[in-house]
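Source file: coords.tsv. Holds: TSV, C-alpha atoms.
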chain	number	residue	atom	x	y	z
A	1	MET	CA	283.63	89.35	94.53
A	2	ALA	CA	281.67	86.10	94.77
A	3	ALA	CA	283.75	83.00	95.50
A	4	LEU	CA	284.14	80.60	92.56
A	5	ALA	CA	283.02	77.00	92.95
A	6	PRO	CA	285.96	74.60	93.47
A	7	PRO	CA	286.96	72.25	90.57
A	8	GLY	CA	284.52	69.38	90.20
A	9	ALA	CA	281.82	71.10	92.27
A	10	ALA	CA	278.35	71.79	90.89
A	11	THR	CA	278.22	75.19	89.22
A	12	TRP	CA	274.41	75.27	89.14
A	13	ARG	CA	271.83	74.77	91.86
A	14	SER	CA	268.16	74.17	91.31
A	15	LEU	CA	265.52	76.61	92.50
A	16	PHE	CA	261.96	75.49	93.24
A	17	LYS	CA	259.45	78.35	93.22
A	18	LEU	CA	255.88	77.84	94.46
A	19	ASN	CA	253.29	79.91	92.59
A	20	GLU	CA	249.75	80.35	93.93
A	21	PRO	CA	246.74	80.05	91.59
A	22	GLN	CA	244.35	82.87	90.80
A	23	ARG	CA	241.50	81.44	92.88
A	24	ASN	CA	240.42	78.61	95.17
A	25	GLY	CA	240.35	75.09	93.77
A	26	ARG	CA	242.99	75.61	91.09
A	27	ALA	CA	246.36	73.85	90.97
A	28	TRP	CA	249.49	75.31	92.54
A	29	LEU	CA	252.63	75.25	90.39
A	30	VAL	CA	256.21	74.63	91.43
A	31	THR	CA	258.35	76.05	88.65
A	32	PHE	CA	261.94	74.91	88.15
A	33	HIS	CA	264.95	77.17	87.69
A	34	LEU	CA	268.75	76.99	87.79
A	35	VAL	CA	270.77	79.46	89.86
A	36	ALA	CA	274.54	79.89	89.53
A	37	ALA	CA	276.23	78.40	92.58
A	38	ASP	CA	278.63	81.36	92.86
A	39	ASP	CA	276.24	84.14	91.85
A	40	PRO	CA	272.55	84.02	92.92
A	41	ASN	CA	271.80	86.88	90.52
A	42	VAL	CA	272.34	84.50	87.58
A	43	ALA	CA	269.08	82.54	87.30
A	44	VAL	CA	267.66	80.65	84.32
A	45	PRO	CA	264.11	79.22	84.07
A	46	ALA	CA	263.74	75.58	83.07
A	47	SER	CA	261.99	76.62	79.84
A	48	THR	CA	265.22	78.28	78.69
A	49	VAL	CA	267.30	75.29	79.80
A	50	TRP	CA	265.30	72.99	77.51
A	51	ARG	CA	264.22	75.20	74.63
A	52	GLN	CA	267.10	77.65	74.30
A	53	PRO	CA	270.14	75.95	75.83
A	54	HIS	CA	272.47	78.21	73.82
A	55	LEU	CA	271.32	81.14	76.01
A	56	VAL	CA	272.41	79.40	79.24
A	57	PRO	CA	275.86	80.64	80.36
A	58	LYS	CA	278.58	78.01	80.02
A	59	ARG	CA	279.75	77.22	83.52
A	60	GLY	CA	281.60	73.92	83.29
A	61	GLU	CA	278.68	71.46	83.49
A	62	ASN	CA	275.67	70.52	81.42
A	63	PRO	CA	272.71	72.51	82.87
A	64	GLN	CA	270.17	70.00	81.53
A	65	HIS	CA	271.90	67.12	83.30
A	66	ARG	CA	272.12	69.19	86.48
A	67	LEU	CA	268.39	70.01	86.40
A	68	LEU	CA	267.40	66.36	85.80
A	69	ALA	CA	269.69	65.11	88.57
A	70	ASP	CA	268.34	67.65	91.04
A	71	LEU	CA	264.75	66.84	90.11
A	72	GLY	CA	265.41	63.18	90.77
A	73	LYS	CA	266.81	63.94	94.23
A	74	ALA	CA	264.05	66.46	95.05
A	75	GLY	CA	261.41	63.95	93.92
A	76	SER	CA	262.77	61.40	96.39
A	77	LEU	CA	262.43	63.99	99.17
A	78	PHE	CA	258.98	65.19	98.11
A	79	PRO	CA	257.27	62.61	95.83
A	80	PRO	CA	254.74	65.01	94.22
A	81	LEU	CA	257.67	66.66	92.42
A	82	ASP	CA	258.56	63.29	90.89
A	83	LYS	CA	255.51	63.61	88.62
A	84	ALA	CA	257.40	66.21	86.59
A	85	LEU	CA	259.92	63.60	85.43
A	86	ARG	CA	257.18	61.87	83.45
A	87	THR	CA	257.58	64.60	80.82
A	88	ARG	CA	260.55	64.81	78.49
A	89	ASN	CA	261.54	68.37	79.41
A	90	PRO	CA	260.09	69.13	82.89
A	91	GLU	CA	259.46	72.78	83.61
A	92	TRP	CA	257.00	72.62	86.47
A	93	ALA	CA	254.98	70.34	88.75
A	94	ALA	CA	251.29	70.84	89.53
A	95	LEU	CA	250.23	70.42	93.16
A	96	ASN	CA	246.77	70.26	94.69
A	97	PRO	CA	246.11	72.50	97.75
A	98	GLU	CA	246.99	69.74	100.22
A	99	GLU	CA	250.29	69.03	98.43
A	100	ALA	CA	251.09	72.75	98.22
A	101	HIS	CA	250.46	73.04	101.96
A	102	ARG	CA	252.82	70.14	102.65
A	103	PHE	CA	255.38	71.68	100.31
A	104	MET	CA	255.44	74.88	102.34
A	105	ARG	CA	255.33	73.31	105.79
A	106	GLU	CA	257.48	70.21	105.28
A	107	ALA	CA	259.27	69.99	101.92
A	108	ALA	CA	260.62	73.54	101.68
A	109	PRO	CA	262.74	73.31	104.87
A	110	LEU	CA	263.97	69.84	103.87
A	111	LEU	CA	264.92	70.92	100.36
A	112	SER	CA	266.75	73.96	101.72
A	113	GLU	CA	268.72	71.76	104.11
A	114	CYS	CA	269.78	69.62	101.14
A	115	GLY	CA	271.25	72.60	99.28
A	116	PHE	CA	268.39	73.55	96.98
A	117	HIS	CA	266.96	77.03	96.66
A	118	VAL	CA	263.26	77.38	97.55
A	119	GLU	CA	261.07	80.42	97.00
A	120	LEU	CA	257.66	80.59	98.70
A	121	PRO	CA	254.86	83.19	98.46
A	122	SER	CA	255.63	86.35	100.42
A	123	TRP	CA	252.56	85.97	102.64
A	124	TRP	CA	253.76	82.63	104.06
A	125	LYS	CA	254.90	83.16	107.66
A	126	GLY	CA	256.65	79.85	108.17
A	127	ALA	CA	255.62	76.42	109.41
A	128	ALA	CA	254.51	77.76	112.79
A	129	GLY	CA	252.19	80.26	111.13
A	130	ALA	CA	249.94	82.66	112.99
A	131	PRO	CA	247.02	80.99	114.78
A	132	PRO	CA	243.52	82.33	114.11
A	133	SER	CA	242.16	84.75	116.68
A	134	ILE	CA	238.73	86.14	117.50
A	135	MET	CA	237.75	89.80	117.32
A	136	LEU	CA	234.67	90.76	119.33
A	137	LYS	CA	232.31	93.63	118.64
A	138	VAL	CA	230.26	94.46	121.74
A	139	GLU	CA	227.25	96.72	122.10
A	140	ALA	CA	224.82	97.38	124.92
A	141	ALA	CA	221.27	96.15	124.46
A	142	PRO	CA	219.05	98.84	122.89
A	143	HIS	CA	217.04	99.38	126.08
A	144	VAL	CA	220.13	100.03	128.24
A	145	LYS	CA	220.74	103.73	128.82
A	146	ALA	CA	224.14	105.31	129.38
A	147	GLY	CA	223.50	106.01	133.04
A	148	PHE	CA	222.92	102.31	133.72
A	149	LEU	CA	226.04	101.00	132.05
A	150	GLY	CA	228.57	99.11	134.13
A	151	LEU	CA	230.83	96.11	134.01
A	152	ALA	CA	227.89	93.88	134.96
A	153	THR	CA	225.79	95.09	132.02
A	154	LEU	CA	224.88	92.32	129.60
A	155	VAL	CA	226.06	93.11	126.10
A	156	GLN	CA	225.18	92.04	122.62
A	157	PHE	CA	228.14	90.86	120.59
A	158	ASP	CA	229.21	89.87	117.15
A	159	TRP	CA	232.47	88.24	116.18
A	160	LYS	CA	234.98	87.97	113.39
A	161	VAL	CA	237.96	85.69	112.86
A	162	ALA	CA	241.38	87.20	112.15
A	163	ILE	CA	243.76	84.87	110.33
A	164	GLY	CA	246.86	85.55	108.27
A	165	GLY	CA	246.23	89.30	108.27
A	166	VAL	CA	242.67	88.86	106.94
A	167	THR	CA	239.52	89.48	109.00
A	168	LEU	CA	236.57	87.24	108.16
A	169	SER	CA	232.93	87.52	109.14
A	170	LYS	CA	231.10	84.50	110.53
A	171	GLU	CA	229.59	83.73	107.14
A	172	GLU	CA	232.90	84.12	105.30
A	173	PHE	CA	234.79	81.91	107.74
A	174	GLU	CA	232.15	79.17	107.63
A	175	GLN	CA	232.10	79.28	103.82
A	176	LEU	CA	235.90	78.92	103.59
A	177	ALA	CA	235.92	76.22	106.26
A	178	SER	CA	233.39	74.24	104.22
A	179	LEU	CA	235.94	74.00	101.38
A	180	ARG	CA	238.02	71.76	103.66
A	181	GLN	CA	241.24	72.95	102.08
A	182	PRO	CA	244.37	74.00	104.02
A	183	LEU	CA	245.06	76.95	101.69
A	184	VAL	CA	242.23	79.29	100.75
A	185	GLN	CA	241.90	82.71	99.21
A	186	ALA	CA	239.99	85.36	101.15
A	187	HIS	CA	239.59	89.01	100.17
A	188	GLY	CA	242.17	88.48	97.43
A	189	GLN	CA	244.79	87.10	99.83
A	190	TRP	CA	245.84	83.51	100.46
A	191	VAL	CA	245.71	82.24	104.04
A	192	GLU	CA	246.34	78.95	105.81
A	193	LEU	CA	243.41	77.10	107.37
A	194	GLN	CA	244.78	74.11	109.23
A	195	PRO	CA	242.06	71.47	109.85
A	196	GLU	CA	242.74	71.25	113.59
A	197	LEU	CA	242.57	75.04	113.92
A	198	ILE	CA	239.30	75.17	111.99
A	199	GLU	CA	237.80	72.69	114.44
A	200	SER	CA	238.99	74.58	117.53
A	201	THR	CA	237.77	77.87	116.06
A	202	MET	CA	234.28	76.49	115.40
A	203	LYS	CA	234.11	75.05	118.93
A	204	ALA	CA	235.18	78.39	120.40
A	205	LEU	CA	232.52	80.27	118.48
A	206	GLN	CA	229.85	77.77	119.51
A	207	GLN	CA	230.78	78.35	123.16
A	208	MET	CA	230.12	82.05	122.68
A	209	GLN	CA	226.51	81.29	121.83
A	210	ILE	CA	225.84	79.35	125.04
A	211	ARG	CA	225.47	82.30	127.40
A	212	PRO	CA	225.49	86.11	127.20
A	213	LEU	CA	228.55	88.09	128.18
A	214	THR	CA	228.75	90.98	130.59
A	215	LEU	CA	230.75	94.03	129.60
A	216	GLY	CA	233.38	93.16	132.19
A	217	GLU	CA	233.75	89.64	130.77
A	218	ALA	CA	233.99	90.89	127.19
A	219	LEU	CA	236.70	93.41	128.05
A	220	SER	CA	238.75	90.96	130.10
A	221	LEU	CA	238.53	87.96	127.78
A	222	GLU	CA	241.88	86.60	126.66
A	223	GLN	CA	240.60	83.51	124.90
A	224	ILE	CA	237.47	81.48	124.18
A	225	GLY	CA	237.77	77.73	123.89
A	226	GLY	CA	241.54	78.02	123.45
A	227	MET	CA	241.22	80.70	120.76
A	228	PRO	CA	243.00	83.98	121.62
A	229	ILE	CA	241.04	87.24	121.60
A	230	SER	CA	242.96	89.71	119.44
A	231	GLY	CA	240.74	92.72	120.01
A	232	VAL	CA	237.43	94.10	121.21
A	233	GLU	CA	235.57	96.72	119.21
A	234	ALA	CA	232.88	98.66	121.02
A	235	ALA	CA	229.80	100.37	119.63
A	236	GLY	CA	227.18	102.78	120.93
A	237	TRP	CA	227.30	103.79	124.60
A	238	ILE	CA	230.11	101.34	125.32
A	239	ARG	CA	232.31	102.96	122.68
A	240	ASP	CA	231.62	106.37	124.21
A	241	MET	CA	232.43	105.04	127.67
A	242	LEU	CA	235.71	103.42	126.64
A	243	ASP	CA	236.69	106.49	124.67
A	244	ALA	CA	236.07	108.64	127.74
A	245	VAL	CA	238.04	106.29	130.00
A	246	LEU	CA	240.97	105.97	127.61
A	247	HIS	CA	241.20	109.75	127.28
A	248	THR	CA	240.38	110.55	130.89
A	249	ALA	CA	243.41	112.80	131.34
A	250	ASP	CA	242.08	115.21	128.70
A	251	ARG	CA	238.36	114.94	129.40
A	252	ILE	CA	237.79	114.76	133.15
A	253	GLU	CA	234.68	116.74	133.96
A	254	GLU	CA	235.11	118.76	137.13
A	255	VAL	CA	232.52	118.38	139.87
A	256	PRO	CA	231.88	120.87	142.67
A	257	ILE	CA	233.25	120.06	146.09
A	258	PRO	CA	230.23	118.78	148.04
A	259	ARG	CA	228.62	121.47	150.18
A	260	LEU	CA	228.57	119.17	153.21
A	261	PHE	CA	232.30	118.39	152.99
A	262	ARG	CA	234.07	119.89	156.02
A	263	GLY	CA	237.59	120.72	154.97
A	264	GLU	CA	239.72	121.55	151.94
A	265	LEU	CA	240.94	119.38	149.10
A	266	ARG	CA	244.39	119.99	147.73
A	267	PRO	CA	244.57	120.31	143.91
A	268	TYR	CA	245.62	116.69	143.37
A	269	GLN	CA	242.91	115.52	145.81
A	270	LYS	CA	240.30	117.55	143.93
A	271	ARG	CA	241.48	115.94	140.69
A	272	GLY	CA	241.15	112.54	142.37
A	273	LEU	CA	237.54	113.37	143.26
A	274	ASP	CA	236.82	114.50	139.68
A	275	TRP	CA	238.37	111.32	138.26
A	276	GLN	CA	236.42	109.00	140.56
A	277	ALA	CA	233.17	110.82	139.80
A	278	ASP	CA	233.88	110.66	136.06
A	279	LEU	CA	234.36	106.88	136.18
A	280	SER	CA	231.47	106.36	138.56
A	281	LYS	CA	228.97	107.79	136.10
A	282	TRP	CA	229.85	104.90	133.78
A	283	GLY	CA	229.48	102.35	136.54
A	284	LEU	CA	233.25	101.86	136.83
A	285	GLY	CA	235.47	101.89	139.89
A	286	ALA	CA	238.93	103.36	140.36
A	287	CYS	CA	242.17	102.61	142.17
A	288	LEU	CA	243.78	105.60	143.89
A	289	ALA	CA	247.52	105.13	143.90
A	290	ASP	CA	248.61	108.13	145.99
A	291	ASP	CA	251.31	107.47	148.54
A	292	MET	CA	250.34	106.71	152.13
A	293	GLY	CA	249.23	109.80	154.04
A	294	LEU	CA	248.33	111.90	151.00
A	295	GLY	CA	244.59	111.74	151.52
A	296	LYS	CA	243.06	108.83	149.62
A	297	THR	CA	240.45	108.39	152.37
A	298	ILE	CA	239.12	111.95	152.19
A	299	GLN	CA	238.99	111.76	148.37
A	300	PHE	CA	236.66	108.80	148.72
A	301	ILE	CA	234.66	110.53	151.47
A	302	ALA	CA	234.17	113.51	149.16
A	303	LEU	CA	232.95	111.14	146.45
A	304	ALA	CA	230.48	109.53	148.88
A	305	LEU	CA	229.09	113.01	149.63
A	306	HIS	CA	228.96	113.87	145.93
A	307	GLU	CA	226.88	110.74	145.28
A	308	LYS	CA	225.08	110.74	148.62
A	309	GLU	CA	222.09	108.89	147.17
A	310	LYS	CA	224.23	105.74	146.95
A	311	PRO	CA	225.05	103.44	149.86
A	312	TRP	CA	228.76	102.61	150.08
A	313	LEU	CA	230.45	99.49	151.38
A	314	VAL	CA	234.03	99.85	152.60
A	315	VAL	CA	235.99	96.63	153.02
A	316	CYS	CA	239.11	97.18	155.13
A	317	PRO	CA	241.30	95.58	157.82
A	318	THR	CA	239.96	95.77	161.37
A	319	SER	CA	242.92	97.92	162.37
A	320	VAL	CA	241.80	100.89	160.25
A	321	ILE	CA	238.06	100.87	161.02
A	322	GLY	CA	238.54	103.43	163.76
A	323	ASN	CA	240.48	105.69	161.42
A	324	TRP	CA	237.70	105.51	158.84
A	325	GLU	CA	235.08	106.42	161.45
A	326	ARG	CA	237.13	109.38	162.71
A	327	GLU	CA	237.76	110.68	159.19
A	328	ILE	CA	234.09	110.40	158.26
A	329	ARG	CA	232.97	112.27	161.42
A	330	ARG	CA	235.59	114.96	160.80
A	331	PHE	CA	235.07	115.62	157.09
A	332	ALA	CA	231.52	114.37	156.50
A	333	PRO	CA	229.51	114.49	159.75
A	334	SER	CA	226.30	114.21	157.73
A	335	LEU	CA	227.21	110.61	156.85
A	336	SER	CA	226.28	107.84	159.26
A	337	PRO	CA	228.90	105.08	159.30
A	338	THR	CA	228.07	101.69	160.77
A	339	ALA	CA	230.90	99.30	161.60
A	340	ILE	CA	230.21	95.58	161.33
A	341	GLU	CA	232.98	93.41	162.71
A	342	ASN	CA	233.26	89.77	161.79
A	343	PRO	CA	236.11	87.34	162.41
A	344	ALA	CA	236.23	86.59	158.68
A	345	VAL	CA	235.19	89.93	157.17
A	346	THR	CA	234.96	93.39	158.67
A	347	ARG	CA	232.74	95.87	156.91
A	348	SER	CA	231.89	99.50	157.46
A	349	LYS	CA	228.80	101.02	155.84
A	350	CYS	CA	228.49	104.66	154.93
A	351	ARG	CA	225.08	106.17	154.43
Step by step, read the file and then write its structure as structure tokens.
Amino acid sequence: MAALAPPGAATWRSLFKLNEPQRNGRAWLVTFHLVAADDPNVAVPASTVWRQPHLVPKRGENPQHRLLADLGKAGSLFPPLDKALRTRNPEWAALNPEEAHRFMREAAPLLSECGFHVELPSWWKGAAGAPPSIMLKVEAAPHVKAGFLGLATLVQFDWKVAIGGVTLSKEEFEQLASLRQPLVQAHGQWVELQPELIESTMKALQQMQIRPLTLGEALSLEQIGGMPISGVEAAGWIRDMLDAVLHTADRIEEVPIPRLFRGELRPYQKRGLDWQADLSKWGLGACLADDMGLGKTIQFIALALHEKEKPWLVVCPTSVIGNWEREIRRFAPSLSPTAIENPAVTRSKCR
């Protein structure tokens, strides 16, 4: 059972409901209502309070006086509401987009703190909001073939802006930004476009036009000009490559153990060879995470034999150069390793 209001306390509380217009450029309306202080399910619109007062439940105080008193207090907290008191029987207040934006971000929390009820559109995520983010679509240049793809490949890209659950193309975003309004409707949904975020978004997108991106850069981007990257969509060969990499466990193509390999590969070592070869065909590297002593070196040696047309550069501590040379001579005597020692960098070449 709901608790009854104590003697002398207000039995009604005012509710301010913000209603969005049908399209951009129209006025936003804050409609006024009374809600029973002890039962939020009892709500009466201001139109009933003024036009049909006999239908308002009797609850110990004059509802018309309560509504006028609350409007006076609310108008002192948020002056645009004060315009409603210029009419004899105020039912609503019209706000322009800037005022509606301030109502949501500033007035609504203040009015709630002062004991009023406030109802905002369901899409509003709060004063903090969700910052815009950039979604990239990357595609290899038409002349680049699958066999030449790699992280250093230059890619063509397009971009979209994701904001408030809506994804906008370049043209759509620029058109909405040109309205210079903090609240705009896009794809039938209202979103917030804060002026400072519009400026940072435009700067970020301009930076993307300055220089081309490599595939590695596009995939590793976290932000551009302070704007977060929310996703990367790939097309063409890049999409095929990423799909293959993401589903490697199900799609690894087996390769034959090189004829010149002297020794045996255990099942997990053979799978390591297959995995490295599968990534290598896309120009990608791999990180073998087997425990020490389980044969990572010979898995790489087998890969070097499988792709014997490539020169390989092994960067390792000086202390293991001898081990690499012994392993190569044992399992791949057809390879010709050359050790190059340097106080700063020690390198061993396999040919």
Residues near A:Gly216, anyone? I mean within 8 Å using all atoms listed in the file, not counting same-chain ones fewer than 2 positions away, as a PDB file with C-alpha atoms, in the coordinates of the input.
ATOM      1  CA  GLY A 150     228.570  99.110 134.130  1.00  0.00           C
ATOM      2  CA  LEU A 151     230.830  96.110 134.010  1.00  0.00           C
ATOM      3  CA  ALA A 152     227.890  93.880 134.960  1.00  0.00           C
ATOM      4  CA  THR A 153     225.790  95.090 132.020  1.00  0.00           C
ATOM      5  CA  THR A 214     228.750  90.980 130.590  1.00  0.00           C
ATOM      6  CA  ALA A 218     233.990  90.890 127.190  1.00  0.00           C
ATOM      7  CA  LEU A 219     236.700  93.410 128.050  1.00  0.00           C
ATOM      8  CA  SER A 220     238.750  90.960 130.100  1.00  0.00           C
TER       9      SER A 220
END
Ranking A:Pro182, A:Pro337, A:Pro267, A:Gly285 by minimum distance to A:Ile301 and counting only C-alpha atoms, which one comes first?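 Ranking A:Pro182, A:Pro337, A:Pro267, A:Gly285 by distance to A:Ile301, first place goes to A:Pro337.
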For A:Ile298, list every protein, DNA or RNA residue within 10 Å, evaluated using only C-alpha atoms, and leave out those in the same chain fewer than 2 positions away; present the list as a list in words.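 The contact residues come out as Phe261, Gly263, Glu264, Leu265, Gln269, Leu273, Leu294, Gly295, Lys296, Phe300, Ile301, Ala302, Leu303, Ala304, Trp324, Glu327, Ile328, Arg330, Phe331 and Ala332 of chain A.
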What is the atom CA of A:Met227-atom CA of A:Gly25 distance in Å, reported with one decimal?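 Atom-to-atom, atom CA of A:Met227 to atom CA of A:Gly25, that is 27.6 Å.
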Between atom CA of A:Glu217 and atom CA of A:Gln276, what is the distance in Å, rounded to a tenth?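 Atom-to-atom, atom CA of A:Glu217 to atom CA of A:Gln276, that is 21.9 Å.
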Hey, which of A:Pro212, A:Gly236, A:Ala84, A:Phe103 ends up closest to A:Gln156? Count only C-alpha atoms.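 Closest to A:Gln156 of all the choices is A:Pro212.
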Tell me, as a short mmCIF file (atom, residue, chain, number, x, y, z; two decimals) with C-alpha atoms, in the frame of the given file, which residues lie within 8 Å of A:Val35, counting all atoms listed in the file; anything in the same chain fewer than 2 positions away does not count.
data_model
loop_
_atom_site.label_atom_id
_atom_site.label_comp_id
_atom_site.auth_asym_id
_atom_site.auth_seq_id
_atom_site.Cartn_x
_atom_site.Cartn_y
_atom_site.Cartn_z
CA TRP A 12 274.41 75.27 89.14
CA ARG A 13 271.83 74.77 91.86
CA SER A 14 268.16 74.17 91.31
CA LEU A 15 265.52 76.61 92.50
CA HIS A 33 264.95 77.17 87.69
CA ALA A 37 276.23 78.40 92.58
CA ASP A 39 276.24 84.14 91.85
CA PRO A 40 272.55 84.02 92.92
CA ASN A 41 271.80 86.88 90.52
CA VAL A 42 272.34 84.50 87.58
CA ALA A 43 269.08 82.54 87.30
CA VAL A 44 267.66 80.65 84.32
#
